[in-house]
Amino acid sequence: MRAVTWQGRRKVSVDTVPDPVIKEPTDAIIRVTSTNICGSDLHLYEVLGAFMSQGDILGHEAMGIVEETGGEVGDLKVGDRVVIPFNISCGHCFMCGEGLQSQCETTQNRDQGTGAALFGYSKLYGEVAGGQAEYLRVPQAQYTHIKVPDEGPDERYVYLSDVLPTAWQAVEYADVPEGGSLLVLGLGPIGSMACRIASRRNCRVLGVDLVDERLSRAREYCEDVVDLRKDELEDVVLSHTDGRGADSVIDAVGMEAHGSPIAEAAQTASGFLPPPVGRAVMKHAGVDRLAALNSAISLVRRGGTISLSGVYGGAADPINMMTLFDKQIQLRMGQANVKKWVPDIMPMLTDDDPLGVEQFATHRLPLASAPDAYETFQKKEDGMVKVVLKP
């Protein structure tokens, strides 16, 4: 089959690789019909490259048709149309029972000290082959799938793999009071979708970015948008919140925030180290670019809530604990627990399309275009915000 593979820092290619096969009775094989490039894939393209191996298959947002199953996959059968959650979970352990599928005890990566295994996401999360490919092996397939109707375009459902549940959890964790204000830092796929979800809950949404296309996409869902290149962020936020700051803030940016030159230099330097050394540096001395998180701490009101959905990976980040404590800020974060939120999200995926999922992608490309798409996406060029690849 053809698949998108990691070949080195800022280098991916589309190669012919062996077809996946059933290895366990709880496995299934799907023929991928749509697969996306996620903003967090760019972390692997750049700063988390030390955790990748040459030839690793990328991608964790996929859907398709079941082609083959093992003998213990429950009611999943050949021909079913399914979306595959980005986290691999069993459905029967304590954590899954608590709705914390991202912490599944069956697939936890104990050797790395991380949570549930993820598709296409490096040694940190199980080194499981990803979904930017013609076929995908799905472990724990008895639970790691979402059945969707046979009718309707893929783009009505494919975002159930990551974007929708991650944005939904970000808004849930933000705990915005009725009619309250929500500041969304970063208007990439997750931030943009969070704005759409929050606006339907009658939140007063302020969106923040510095890319024209991202600002324009979010404008209709926000009370105001803030262009960091031109606007004074603190002044705008205070003017909309009676001088107190936002009730809640979503940081949808994460470890590669603009405005953190020292951390950016450190991340870049670690990317040129030999992989074993680079992994050790990132795990034990790594730092993130914290401009977005520091803005969230500064701009949330006293007693407010910060919800982190952007990926962070540093072990030596200098967090402003004094301000967090003094302002009595609540902080919630983590990988999305996909299966927990699907029952809440599914009613939104109707013909009326209230969240605009069918028009959410900015680019629809063949799988062969993935290398150029990664480069364009990483550079934030050509208005690229969300890419759907067709194998």
# chains A, B, ... in the order shown; residues from 1 in each chain; ligands from 1
call {"tool": "residues_around", "arguments": {"residues": "segment 178-189 of chain A", "least_positions_apart": "5", "cutoff": "7 Å", "atoms": "only C-alpha atoms", "output": "number ranges by chain"}}
result
A: 163, 202-209, 214-215, 246-253, 292, 385-386
call {"tool": "select_by_dssp", "arguments": {"residues": "segment 60-209 of chain A", "states": "alpha helix (DSSP H)", "output": "list in words"}}
result
Phe94, Met95, Cys96, Gly97, Val163, Leu164, Pro165, Thr166, Ala167, Trp168, Gln169, Ala170, Val171, Glu172, Tyr173, Ala174, Pro189, Ile190, Gly191, Ser192, Met193, Ala194, Cys195, Arg196, Ile197, Ala198, Ser199 and Arg200 of chain A
call {"tool": "residues_around", "arguments": {"residues": "Gln112 of chain A", "least_positions_apart": "2", "cutoff": "10 Å", "atoms": "only C-alpha atoms", "output": "PDB file with C-alpha atoms, in the first residue's frame"}}
result
ATOM      1  CA  GLN A 108      -0.834   2.874  28.320  1.00  0.00           C
ATOM      2  CA  ASN A 109       2.807   3.292  27.334  1.00  0.00           C
ATOM      3  CA  ARG A 110       4.325   2.465  30.687  1.00  0.00           C
ATOM      4  CA  THR A 114       2.566   8.247  28.928  1.00  0.00           C
ATOM      5  CA  GLY A 115      -1.123   7.575  28.466  1.00  0.00           C
ATOM      6  CA  LYS A 123       7.752   6.264  20.469  1.00  0.00           C
ATOM      7  CA  LEU A 124       6.128   8.422  23.148  1.00  0.00           C
ATOM      8  CA  TYR A 125       2.744   6.911  22.376  1.00  0.00           C
ATOM      9  CA  GLY A 126       3.335   3.351  21.246  1.00  0.00           C
ATOM     10  CA  LYS A 283      11.907  14.260  28.172  1.00  0.00           C
TER      11      LYS A 283
END
call {"tool": "residues_around", "arguments": {"residues": "Ile22 of chain A", "least_positions_apart": "6", "cutoff": "9 Å", "atoms": "only C-alpha atoms", "output": "PDB file with C-alpha atoms, in the first residue's frame"}}
result
ATOM      1  CA  ALA A  28      -9.414  -4.941  12.450  1.00  0.00           C
ATOM      2  CA  ILE A  29      -8.165  -3.637   9.094  1.00  0.00           C
ATOM      3  CA  GLU A  68     -11.088  -7.625   7.764  1.00  0.00           C
ATOM      4  CA  THR A  69     -11.568  -8.421  11.440  1.00  0.00           C
ATOM      5  CA  GLY A  70     -10.085 -10.654  14.102  1.00  0.00           C
ATOM      6  CA  ARG A 137      -4.627  -1.777  11.331  1.00  0.00           C
ATOM      7  CA  VAL A 138      -6.835  -0.894  14.318  1.00  0.00           C
ATOM      8  CA  PRO A 139      -5.852  -2.516  17.646  1.00  0.00           C
TER       9      PRO A 139
END
call {"tool": "closest_residue", "arguments": {"among": "A:Glu358, A:Asp150, A:Asp15, A:Asp212", "to": "Glu381 of chain A", "atoms": "only C-alpha atoms"}}
result
A:Asp212
call {"tool": "closest_residue", "arguments": {"among": "A:Phe360, A:Trp168, A:Trp341, A:Tyr157", "to": "Gln101 of chain A", "atoms": "only C-alpha atoms"}}
result
A:Trp341
call {"tool": "select_by_dssp", "arguments": {"residues": "segment 197-235 of chain A", "states": "strand (DSSP E or B)", "output": "PyMOL selection string"}}
result
chain A and resi 204-209+224-227
call {"tool": "closest_residue", "arguments": {"among": "A:Leu324, A:Leu228, A:Leu308, A:Val148", "to": "Val342 of chain A", "atoms": "only C-alpha atoms"}}
result
A:Val148
call {"tool": "residues_around", "arguments": {"residues": "Met52 of chain A", "least_positions_apart": "3", "cutoff": "10 Å", "atoms": "only C-alpha atoms", "output": "list in words"}}
result
Trp6, Gln7, Gly8, Arg9, Leu44, Tyr45, Leu48, Gly49, Gly55, Asp56, Ile57, Leu58, Gly120, Tyr121, Ser122, Lys123, Leu124, Glu127, Pro275 and Arg279 of chain A
call {"tool": "write_last_selection", "arguments": {"atoms": "N, CA and C atoms", "output": "PDB file, in the first residue's frame"}}
result
ATOM      1  N   TRP A   6       7.495   9.221   7.826  1.00  0.00           N
ATOM      2  CA  TRP A   6       8.446  10.206   8.368  1.00  0.00           C
ATOM      3  C   TRP A   6       9.847   9.793   7.956  1.00  0.00           C
ATOM      4  N   GLN A   7      10.590  10.748   7.405  1.00  0.00           N
ATOM      5  CA  GLN A   7      11.933  10.446   6.922  1.00  0.00           C
ATOM      6  C   GLN A   7      13.017  11.287   7.585  1.00  0.00           C
ATOM      7  N   GLY A   8      12.614  12.221   8.430  1.00  0.00           N
ATOM      8  CA  GLY A   8      13.568  13.092   9.082  1.00  0.00           C
ATOM      9  C   GLY A   8      12.931  14.428   9.385  1.00  0.00           C
ATOM     10  N   ARG A   9      13.684  15.280  10.056  1.00  0.00           N
ATOM     11  CA  ARG A   9      13.161  16.587  10.435  1.00  0.00           C
ATOM     12  C   ARG A   9      12.717  17.357   9.194  1.00  0.00           C
ATOM     13  N   LEU A  44       5.567  16.512  15.183  1.00  0.00           N
ATOM     14  CA  LEU A  44       6.430  15.408  14.767  1.00  0.00           C
ATOM     15  C   LEU A  44       7.320  15.833  13.604  1.00  0.00           C
ATOM     16  N   TYR A  45       6.787  16.673  12.757  1.00  0.00           N
ATOM     17  CA  TYR A  45       7.523  17.195  11.603  1.00  0.00           C
ATOM     18  C   TYR A  45       8.684  18.075  12.042  1.00  0.00           C
ATOM     19  N   LEU A  48       9.384  17.227  17.778  1.00  0.00           N
ATOM     20  CA  LEU A  48       9.356  15.900  18.402  1.00  0.00           C
ATOM     21  C   LEU A  48       9.972  14.829  17.509  1.00  0.00           C
ATOM     22  N   GLY A  49      10.738  15.256  16.522  1.00  0.00           N
ATOM     23  CA  GLY A  49      11.341  14.308  15.600  1.00  0.00           C
ATOM     24  C   GLY A  49      12.248  13.289  16.264  1.00  0.00           C
ATOM     25  N   GLY A  55      10.679   5.959   8.456  1.00  0.00           N
ATOM     26  CA  GLY A  55       9.707   5.022   7.918  1.00  0.00           C
ATOM     27  C   GLY A  55       8.418   4.921   8.713  1.00  0.00           C
ATOM     28  N   ASP A  56       8.341   5.566   9.888  1.00  0.00           N
ATOM     29  CA  ASP A  56       7.099   5.557  10.666  1.00  0.00           C
ATOM     30  C   ASP A  56       5.954   6.135   9.834  1.00  0.00           C
ATOM     31  N   ILE A  57       4.806   5.470   9.862  1.00  0.00           N
ATOM     32  CA  ILE A  57       3.624   5.945   9.140  1.00  0.00           C
ATOM     33  C   ILE A  57       2.887   6.950  10.010  1.00  0.00           C
ATOM     34  N   LEU A  58       2.635   8.115   9.450  1.00  0.00           N
ATOM     35  CA  LEU A  58       2.037   9.225  10.182  1.00  0.00           C
ATOM     36  C   LEU A  58       0.510   9.176  10.136  1.00  0.00           C
ATOM     37  N   GLY A 120       0.024   6.702  14.874  1.00  0.00           N
ATOM     38  CA  GLY A 120       0.969   7.538  14.148  1.00  0.00           C
ATOM     39  C   GLY A 120       1.661   8.588  14.973  1.00  0.00           C
ATOM     40  N   TYR A 121       1.940   8.294  16.253  1.00  0.00           N
ATOM     41  CA  TYR A 121       2.450   9.372  17.093  1.00  0.00           C
ATOM     42  C   TYR A 121       3.670   8.980  17.911  1.00  0.00           C
ATOM     43  N   SER A 122       4.676   8.424  17.271  1.00  0.00           N
ATOM     44  CA  SER A 122       6.018   8.347  17.821  1.00  0.00           C
ATOM     45  C   SER A 122       6.175   7.314  18.940  1.00  0.00           C
ATOM     46  N   LYS A 123       7.435   7.173  19.370  1.00  0.00           N
ATOM     47  CA  LYS A 123       7.752   6.264  20.469  1.00  0.00           C
ATOM     48  C   LYS A 123       7.081   6.675  21.769  1.00  0.00           C
ATOM     49  N   LEU A 124       6.785   7.957  21.927  1.00  0.00           N
ATOM     50  CA  LEU A 124       6.128   8.422  23.148  1.00  0.00           C
ATOM     51  C   LEU A 124       4.781   7.750  23.363  1.00  0.00           C
ATOM     52  N   GLU A 127       4.266   4.005  19.096  1.00  0.00           N
ATOM     53  CA  GLU A 127       4.815   3.748  17.760  1.00  0.00           C
ATOM     54  C   GLU A 127       3.877   2.853  16.943  1.00  0.00           C
ATOM     55  N   PRO A 275      19.113  11.109  17.727  1.00  0.00           N
ATOM     56  CA  PRO A 275      17.812  10.801  18.323  1.00  0.00           C
ATOM     57  C   PRO A 275      17.839  10.372  19.788  1.00  0.00           C
ATOM     58  N   ARG A 279      15.899  12.680  22.455  1.00  0.00           N
ATOM     59  CA  ARG A 279      14.775  12.179  23.267  1.00  0.00           C
ATOM     60  C   ARG A 279      15.018  12.472  24.740  1.00  0.00           C
TER      61      ARG A 279
END
call {"tool": "residues_around", "arguments": {"residues": "Gln140 of chain A", "least_positions_apart": "4", "cutoff": "8 Å", "atoms": "only C-alpha atoms", "output": "list in words"}}
result
Thr26, Asp27, Val73, Ile88, Ser89, Cys90 and Thr144 of chain A
call {"tool": "write_last_selection", "arguments": {"atoms": "C-alpha atoms", "output": "PDB file, in the first residue's frame"}}
result
ATOM      1  CA  THR A  26      -9.068  -7.730  18.719  1.00  0.00           C
ATOM      2  CA  ASP A  27      -7.611  -6.194  15.516  1.00  0.00           C
ATOM      3  CA  VAL A  73     -14.110  -7.436  17.764  1.00  0.00           C
ATOM      4  CA  ILE A  88      -6.478   3.446  21.192  1.00  0.00           C
ATOM      5  CA  SER A  89      -8.563   2.215  24.110  1.00  0.00           C
ATOM      6  CA  CYS A  90     -10.059  -1.058  25.304  1.00  0.00           C
ATOM      7  CA  THR A 144     -11.603   1.753  19.087  1.00  0.00           C
TER       8      THR A 144
END
call {"tool": "residues_around", "arguments": {"residues": "Ser369 of chain A", "least_positions_apart": "4", "cutoff": "9 Å", "atoms": "only C-alpha atoms", "output": "ChimeraX atom specification"}}
result
/A:14,365,373-374,389
call {"tool": "atom_distance", "arguments": {"atom1": "atom CA of Pro20 of chain A", "atom2": "atom CA of Cys104 of chain A"}}
result
23.4 Å
